[in-house]
Every structure is written in structure tokens, then in C-alpha cells.
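Coordinates from coords_14.csv are shown below (CSV, C-alpha atoms).
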chain,number,residue,atom,x,y,z
A,120,MET,CA,-40.9,2.7,3.9
A,121,THR,CA,-40.4,1.0,0.5
A,122,MET,CA,-38.0,-1.9,0.0
A,123,LYS,CA,-35.5,0.4,-1.8
A,124,ALA,CA,-35.8,3.3,0.7
A,125,TRP,CA,-34.4,1.3,3.6
A,126,HIS,CA,-31.3,0.2,1.5
A,127,VAL,CA,-29.8,3.7,1.7
A,128,PRO,CA,-29.6,4.0,5.6
A,129,VAL,CA,-28.5,0.3,5.9
A,130,LEU,CA,-25.8,0.7,3.3
A,131,ALA,CA,-24.7,4.0,4.9
A,132,VAL,CA,-24.3,2.3,8.3
A,133,ALA,CA,-22.5,-0.6,6.8
A,134,ALA,CA,-20.1,1.8,5.0
A,135,VAL,CA,-19.3,3.7,8.2
A,136,CYS,CA,-18.7,0.4,10.1
A,137,LEU,CA,-16.5,-0.9,7.3
A,138,GLY,CA,-14.6,2.4,7.2
A,139,THR,CA,-14.1,2.3,11.0
A,140,THR,CA,-12.9,-1.3,10.7
A,141,LEU,CA,-10.5,-0.5,7.9
A,142,ALA,CA,-9.2,2.6,9.7
A,143,ALA,CA,-8.6,0.5,12.8
A,144,GLN,CA,-6.7,-2.1,10.7
A,145,ASP,CA,-4.6,0.6,9.1
A,146,LYS,CA,-3.7,2.0,12.5
A,147,GLU,CA,-2.9,-1.4,13.9
A,148,ALA,CA,-0.6,-2.1,10.9
A,149,ALA,CA,1.0,1.4,11.2
A,150,ASN,CA,1.7,0.9,14.9
A,151,ALA,CA,3.2,-2.5,14.2
A,152,ALA,CA,5.3,-1.2,11.3
A,153,LEU,CA,6.9,1.4,13.7
A,154,SER,CA,8.6,-1.5,15.4
A,155,ALA,CA,9.5,-3.5,12.3
A,156,ARG,CA,13.2,-4.0,11.7
A,157,VAL,CA,12.8,-3.5,7.9
A,158,SER,CA,11.7,-0.2,6.4
A,159,LEU,CA,9.3,0.1,3.5
A,160,ALA,CA,12.2,1.3,1.3
A,161,ARG,CA,14.3,-1.7,2.2
A,162,GLY,CA,11.3,-4.0,1.4
A,163,LEU,CA,11.0,-2.3,-2.0
A,164,ALA,CA,14.7,-3.0,-2.6
A,165,ALA,CA,14.3,-6.6,-1.6
A,166,SER,CA,11.3,-7.2,-3.8
A,167,ALA,CA,13.0,-5.7,-6.9
A,168,SER,CA,14.5,-9.2,-7.5
A,169,GLN,CA,11.0,-10.3,-8.3
A,170,GLY,CA,10.1,-7.5,-10.7
A,171,ARG,CA,9.6,-3.7,-10.7
A,172,PRO,CA,7.9,-2.6,-7.5
A,173,ILE,CA,4.6,-0.7,-8.2
A,174,SER,CA,3.2,-0.4,-4.6
A,175,ALA,CA,4.0,-1.5,-1.1
A,176,LYS,CA,2.3,-1.6,2.3
A,177,PHE,CA,2.6,-3.0,5.8
A,178,GLU,CA,-0.5,-4.9,6.7
A,179,MET,CA,-1.8,-7.2,9.4
A,180,ASP,CA,-2.7,-10.8,8.4
A,181,GLU,CA,-4.2,-12.9,11.1
A,182,GLY,CA,-2.6,-10.7,13.7
A,183,LYS,CA,0.8,-10.8,12.2
A,184,LEU,CA,2.6,-7.9,10.5
A,185,GLU,CA,3.5,-8.5,6.8
A,186,LEU,CA,5.2,-6.3,4.2
A,187,SER,CA,3.4,-6.8,0.8
A,188,VAL,CA,4.9,-5.4,-2.4
A,189,TYR,CA,3.2,-5.5,-5.8
A,190,THR,CA,5.6,-6.0,-8.6
A,191,MET,CA,5.4,-6.2,-12.4
A,192,LYS,CA,7.6,-8.4,-14.6
A,193,GLY,CA,7.1,-9.3,-18.2
A,194,GLY,CA,3.7,-7.7,-18.3
A,195,LYS,CA,2.5,-9.8,-15.3
A,196,PHE,CA,1.8,-8.8,-11.8
A,197,PHE,CA,3.0,-10.4,-8.6
A,198,GLU,CA,2.5,-10.0,-4.8
A,199,VAL,CA,5.8,-10.3,-3.0
A,200,SER,CA,5.8,-10.9,0.7
A,201,VAL,CA,8.9,-9.6,2.5
A,202,ASP,CA,9.7,-10.6,6.0
A,203,PRO,CA,9.4,-7.4,8.1
A,204,ASP,CA,12.1,-8.6,10.5
A,205,SER,CA,14.8,-9.9,8.1
A,206,GLY,CA,14.0,-8.2,4.8
A,207,ALA,CA,14.1,-11.6,3.0
A,208,VAL,CA,11.5,-12.4,0.3
A,209,VAL,CA,9.2,-15.0,1.8
A,210,LYS,CA,7.0,-15.8,-1.1
A,211,THR,CA,5.9,-14.5,-4.5
A,212,GLU,CA,2.4,-15.1,-5.9
A,213,PRO,CA,1.0,-14.1,-9.3
A,214,ILE,CA,-1.9,-11.6,-9.3
A,215,ALA,CA,-4.2,-12.8,-12.1
A,216,ASP,CA,-7.7,-11.4,-11.3
A,217,GLY,CA,-10.0,-9.6,-8.9
A,218,GLU,CA,-9.5,-6.3,-7.0
A,219,ASP,CA,-5.8,-6.9,-6.6
A,220,TYR,CA,-5.4,-7.2,-10.4
A,221,THR,CA,-7.4,-4.1,-11.0
A,222,ALA,CA,-5.3,-2.2,-8.4
A,223,ALA,CA,-2.0,-3.5,-9.9
A,224,GLN,CA,-3.1,-2.4,-13.4
A,225,SER,CA,-3.9,1.1,-12.1
A,226,GLN,CA,-0.6,1.3,-10.2
A,227,SER,CA,1.4,0.1,-13.2
A,228,ALA,CA,-0.2,2.8,-15.4
A,229,ALA,CA,0.9,5.4,-12.9
A,230,MET,CA,4.4,4.0,-12.7
A,231,ALA,CA,4.7,4.0,-16.5
A,232,ARG,CA,4.6,7.9,-16.3
A,233,ALA,CA,7.0,8.0,-13.3
A,234,LYS,CA,10.3,9.7,-13.5
A,235,VAL,CA,11.6,8.3,-10.2
A,236,SER,CA,11.3,5.0,-8.4
A,237,LEU,CA,8.9,4.2,-5.6
A,238,ARG,CA,11.9,3.9,-3.3
A,239,ALA,CA,13.1,7.4,-4.2
A,240,ALA,CA,9.6,8.8,-3.7
A,241,VAL,CA,9.4,7.2,-0.2
A,242,GLN,CA,12.8,8.7,0.7
A,243,ASN,CA,11.7,12.1,-0.6
A,244,ALA,CA,8.6,11.9,1.6
A,245,LEU,CA,10.7,10.9,4.7
A,246,ARG,CA,13.2,13.8,4.1
A,247,ALA,CA,10.3,16.2,4.1
A,248,ASN,CA,8.7,14.6,7.3
A,249,ALA,CA,11.5,14.1,9.8
A,250,GLY,CA,10.7,11.5,12.5
A,251,TYR,CA,8.1,9.6,10.5
A,252,ARG,CA,8.2,6.1,9.1
A,253,ALA,CA,6.6,5.1,5.8
A,254,VAL,CA,3.9,2.4,6.1
A,255,SER,CA,2.6,2.3,2.5
A,256,VAL,CA,3.2,3.8,-0.9
A,257,THR,CA,0.6,3.8,-3.7
A,258,PRO,CA,1.1,5.4,-7.1
A,259,GLN,CA,-1.7,7.0,-9.0
A,260,LEU,CA,-2.5,9.4,-11.7
A,261,LYS,CA,-3.8,12.9,-10.8
A,262,ASP,CA,-4.6,15.3,-13.5
A,263,GLY,CA,-2.4,13.2,-15.9
A,264,HIS,CA,0.6,13.3,-13.6
A,265,ALA,CA,2.0,10.4,-11.6
A,266,VAL,CA,2.1,10.9,-7.9
A,267,ASP,CA,2.7,8.6,-4.9
A,268,GLU,CA,0.5,8.6,-1.9
A,269,VAL,CA,2.8,7.8,1.0
A,270,ALA,CA,1.2,6.9,4.3
A,271,LEU,CA,3.5,8.0,7.2
A,272,ALA,CA,3.3,7.2,10.9
A,273,LYS,CA,4.9,8.8,14.0
A,274,GLY,CA,3.7,7.6,17.3
A,275,GLU,CA,-0.1,7.7,17.2
A,276,GLU,CA,-0.1,10.2,14.3
A,277,LEU,CA,-0.9,9.0,10.8
A,278,LYS,CA,-0.8,11.1,7.7
A,279,THR,CA,-0.6,10.8,3.9
A,280,VAL,CA,1.5,12.9,1.7
A,281,SER,CA,1.6,13.2,-2.1
A,282,VAL,CA,5.0,13.0,-3.7
A,283,PRO,CA,5.5,13.7,-7.5
A,284,LEU,CA,6.8,10.7,-9.4
Exercise: express the given structure as C-alpha cells:
Amino acid sequence: MTMKAWHVPVLAVAAVCLGTTLAAQDKEAANAALSARVSLARGLAASASQGRPISAKFEMDEGKLELSVYTMKGGKFFEVSVDPDSGAVVKTEPIADGEDYTAAQSQSAAMARAKVSLRAAVQNALRANAGYRAVSVTPQLKDGHAVDEVALAKGEELKTVSVPL
């Protein structure tokens, strides 16, 4: 086997392992979010004092549940941490480079075409999916139209729905 030929199977195995790890982390965050006192929509409202929300998600950081909201203000991007128990803004950090910056740019472009807020899109997804709780919301452009991908959890069940913006 040539040097390049063995890269493909190794990278494929690495991708599967990474995907499994990310899926497990997403499931862990979703399960923890089900017991959070603060909803995703309330976190979006709390973060609005730091700029226009452009995405949000519950995530695990060192075994602790966090509610992270990306915002935009004055052409700059920020990551706002909202306490999932109290709904208070814990900290705000600028996003200046890397993958987070690239994601924020993409989300901002989608929100520029939006006709409704992220909070309204989350509420629409929840109305159409009784008994679920929103664990993340990410805007994107699909065929030139802005949509939100809203991840929902109910017990052990996780699903993602698209909601027009």
C-alpha cells in the first residue's frame, strides 16, 4: 500500500470516531438542556442586550452545561454566555478569527435575509413540535432563502427541523 493509499481508511475511521464523539456530546448537552431552568428562547432574549442574536446552543464545557449565543453589534461578533439556571449574562467575548468567526459570518449573512427573529423561529418550531425543548438554533441560507435549523429534544429523542426565517 502506498503512503497516500492508507490515508483514506485512516481518515475515514477518524471521521467516524469524531462524528460519534460529537454526537455523544450533542446528546449529553441536549439531555442536560432538558433540565435547565432557562429556555433557549429566554437565553436569546437575555443576550439581546449584547447585540443581535445570530445563533444559540446549549453545550457542555468541562462537564458543565452552558448556553452560548453568538451576537452581532456594530459589525463585530461576540459570544455571549448565558447562565442556564438564572438567565443572566455571565460574560461576553469578541469573536475575531478562526472557525467561530467564519461561522458567525455565515450566520450573520443568513440573518440579514431573515424576516423574523431567531426567538420567533424557535417559538414557531416549538409550536409545531409539542413537548419538545429547543437546544440549538442556527440560521443558514438554503437556495437563497434564510432558514433556521432548530435542534429539538424530548426525552431521549433528538431531531432537527427547518424553520423559514
Closest atom pairs, stretch 151-173 of chain A residues within 12 Å of stretch 215-228 of chain A, only C-alpha atoms, as a tab-separated table:
residue	atom	partner	partner_atom	distance
A:Gly170	CA	A:Ser227	CA	11.8
A:Arg171	CA	A:Ser227	CA	9.4
A:Pro172	CA	A:Ser227	CA	9.1
A:Ile173	CA	A:Gln226	CA	5.9
Among listed residues A:Ala207, A:Leu245, A:Glu198, A:Asp267, nearest A:Ala229 (using all atoms listed in the file):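 Of the candidates, the smallest distance to A:Ala229 is held by A:Asp267.
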Separation of atom CA of A:Met191 from atom CA of A:Arg246, in Å and rounded to one decimal: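 The value is 27.1 Å.
The space separating atom CA of A:Asn243 from atom CA of A:Asp180 comes to 28.5 Å.
One finds atom CA of A:Met230 at 28.9 Å from atom CA of A:Ser154.
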From A:Ser205, A:Thr211, A:Gln259, A:Ser281, residue lying nearest A:Ser158 [only C-alpha atoms]: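 For A:Ser158, the nearest of the candidates is A:Ser205.
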Find the residues near A:Val188: any atom within 6 Å, counting all atoms listed in the file, skip ones fewer than 4 places away on the same chain, and give them as a PDB file with C-alpha atoms, in the coordinates of the input.
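Saved the output as result-v2.pdb:
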ATOM      1  CA  SER A 174       3.200  -0.400  -4.600  1.00  0.00           C
ATOM      2  CA  ALA A 175       4.000  -1.500  -1.100  1.00  0.00           C
ATOM      3  CA  GLU A 198       2.500 -10.000  -4.800  1.00  0.00           C
ATOM      4  CA  VAL A 199       5.800 -10.300  -3.000  1.00  0.00           C
TER       5      VAL A 199
END
Stretch 168-240 of chain A written out with C-alpha atoms as a tab-separated table (two decimals), in the first residue's frame:
chain	number	residue	atom	x	y	z
A	168	SER	CA	-28.54	43.38	25.39
A	169	GLN	CA	-25.15	42.45	23.91
A	170	GLY	CA	-26.19	42.68	20.24
A	171	ARG	CA	-28.49	40.99	17.72
A	172	PRO	CA	-28.54	37.21	18.35
A	173	ILE	CA	-27.44	35.24	15.26
A	174	SER	CA	-27.29	31.69	16.74
A	175	ALA	CA	-27.54	29.87	20.06
A	176	LYS	CA	-26.90	26.46	21.56
A	177	PHE	CA	-26.68	24.58	24.80
A	178	GLU	CA	-23.29	22.90	25.06
A	179	MET	CA	-21.17	21.06	27.58
A	180	ASP	CA	-17.90	22.66	28.68
A	181	GLU	CA	-15.78	20.63	31.09
A	182	GLY	CA	-18.86	18.71	32.19
A	183	LYS	CA	-20.92	21.83	32.85
A	184	LEU	CA	-23.94	22.98	30.81
A	185	GLU	CA	-23.58	26.37	29.12
A	186	LEU	CA	-25.86	28.43	26.92
A	187	SER	CA	-23.79	30.11	24.21
A	188	VAL	CA	-25.27	32.81	21.98
A	189	TYR	CA	-23.46	34.44	19.07
A	190	THR	CA	-24.42	38.09	18.61
A	191	MET	CA	-23.54	40.89	16.23
A	192	LYS	CA	-23.23	44.54	17.14
A	193	GLY	CA	-21.63	47.33	15.14
A	194	GLY	CA	-20.33	44.90	12.53
A	195	LYS	CA	-18.49	42.85	15.16
A	196	PHE	CA	-19.27	39.39	16.51
A	197	PHE	CA	-19.47	38.26	20.13
A	198	GLU	CA	-20.03	35.05	22.05
A	199	VAL	CA	-22.37	35.68	24.96
A	200	SER	CA	-22.53	33.12	27.76
A	201	VAL	CA	-25.92	32.98	29.49
A	202	ASP	CA	-26.32	31.15	32.81
A	203	PRO	CA	-28.71	28.23	32.09
A	204	ASP	CA	-30.08	28.42	35.64
A	205	SER	CA	-30.65	32.16	36.09
A	206	GLY	CA	-30.79	33.57	32.56
A	207	ALA	CA	-28.19	36.21	33.43
A	208	VAL	CA	-25.42	37.14	31.01
A	209	VAL	CA	-22.23	35.71	32.53
A	210	LYS	CA	-19.66	37.01	30.05
A	211	THR	CA	-19.27	38.43	26.58
A	212	GLU	CA	-16.19	37.77	24.46
A	213	PRO	CA	-15.36	39.09	20.99
A	214	ILE	CA	-15.10	36.62	18.12
A	215	ALA	CA	-12.26	37.83	15.93
A	216	ASP	CA	-10.94	34.84	13.99
A	217	GLY	CA	-10.96	31.10	13.41
A	218	GLU	CA	-13.87	28.72	12.90
A	219	ASP	CA	-16.14	30.67	15.25
A	220	TYR	CA	-15.62	33.84	13.19
A	221	THR	CA	-16.33	32.00	9.93
A	222	ALA	CA	-19.50	30.51	11.44
A	223	ALA	CA	-20.60	33.91	12.75
A	224	GLN	CA	-20.12	35.48	9.30
A	225	SER	CA	-22.25	32.78	7.67
A	226	GLN	CA	-24.96	33.08	10.33
A	227	SER	CA	-24.96	36.87	10.02
A	228	ALA	CA	-25.43	36.60	6.24
A	229	ALA	CA	-28.44	34.35	6.76
A	230	MET	CA	-29.92	36.67	9.40
A	231	ALA	CA	-29.53	39.64	7.02
A	232	ARG	CA	-32.24	37.98	4.86
A	233	ALA	CA	-34.43	36.96	7.79
A	234	LYS	CA	-37.93	38.35	8.16
A	235	VAL	CA	-38.35	37.07	11.75
A	236	SER	CA	-36.06	36.89	14.78
A	237	LEU	CA	-34.32	33.75	15.99
A	238	ARG	CA	-36.57	33.78	19.04
A	239	ALA	CA	-39.70	33.83	16.87
A	240	ALA	CA	-38.32	30.99	14.72
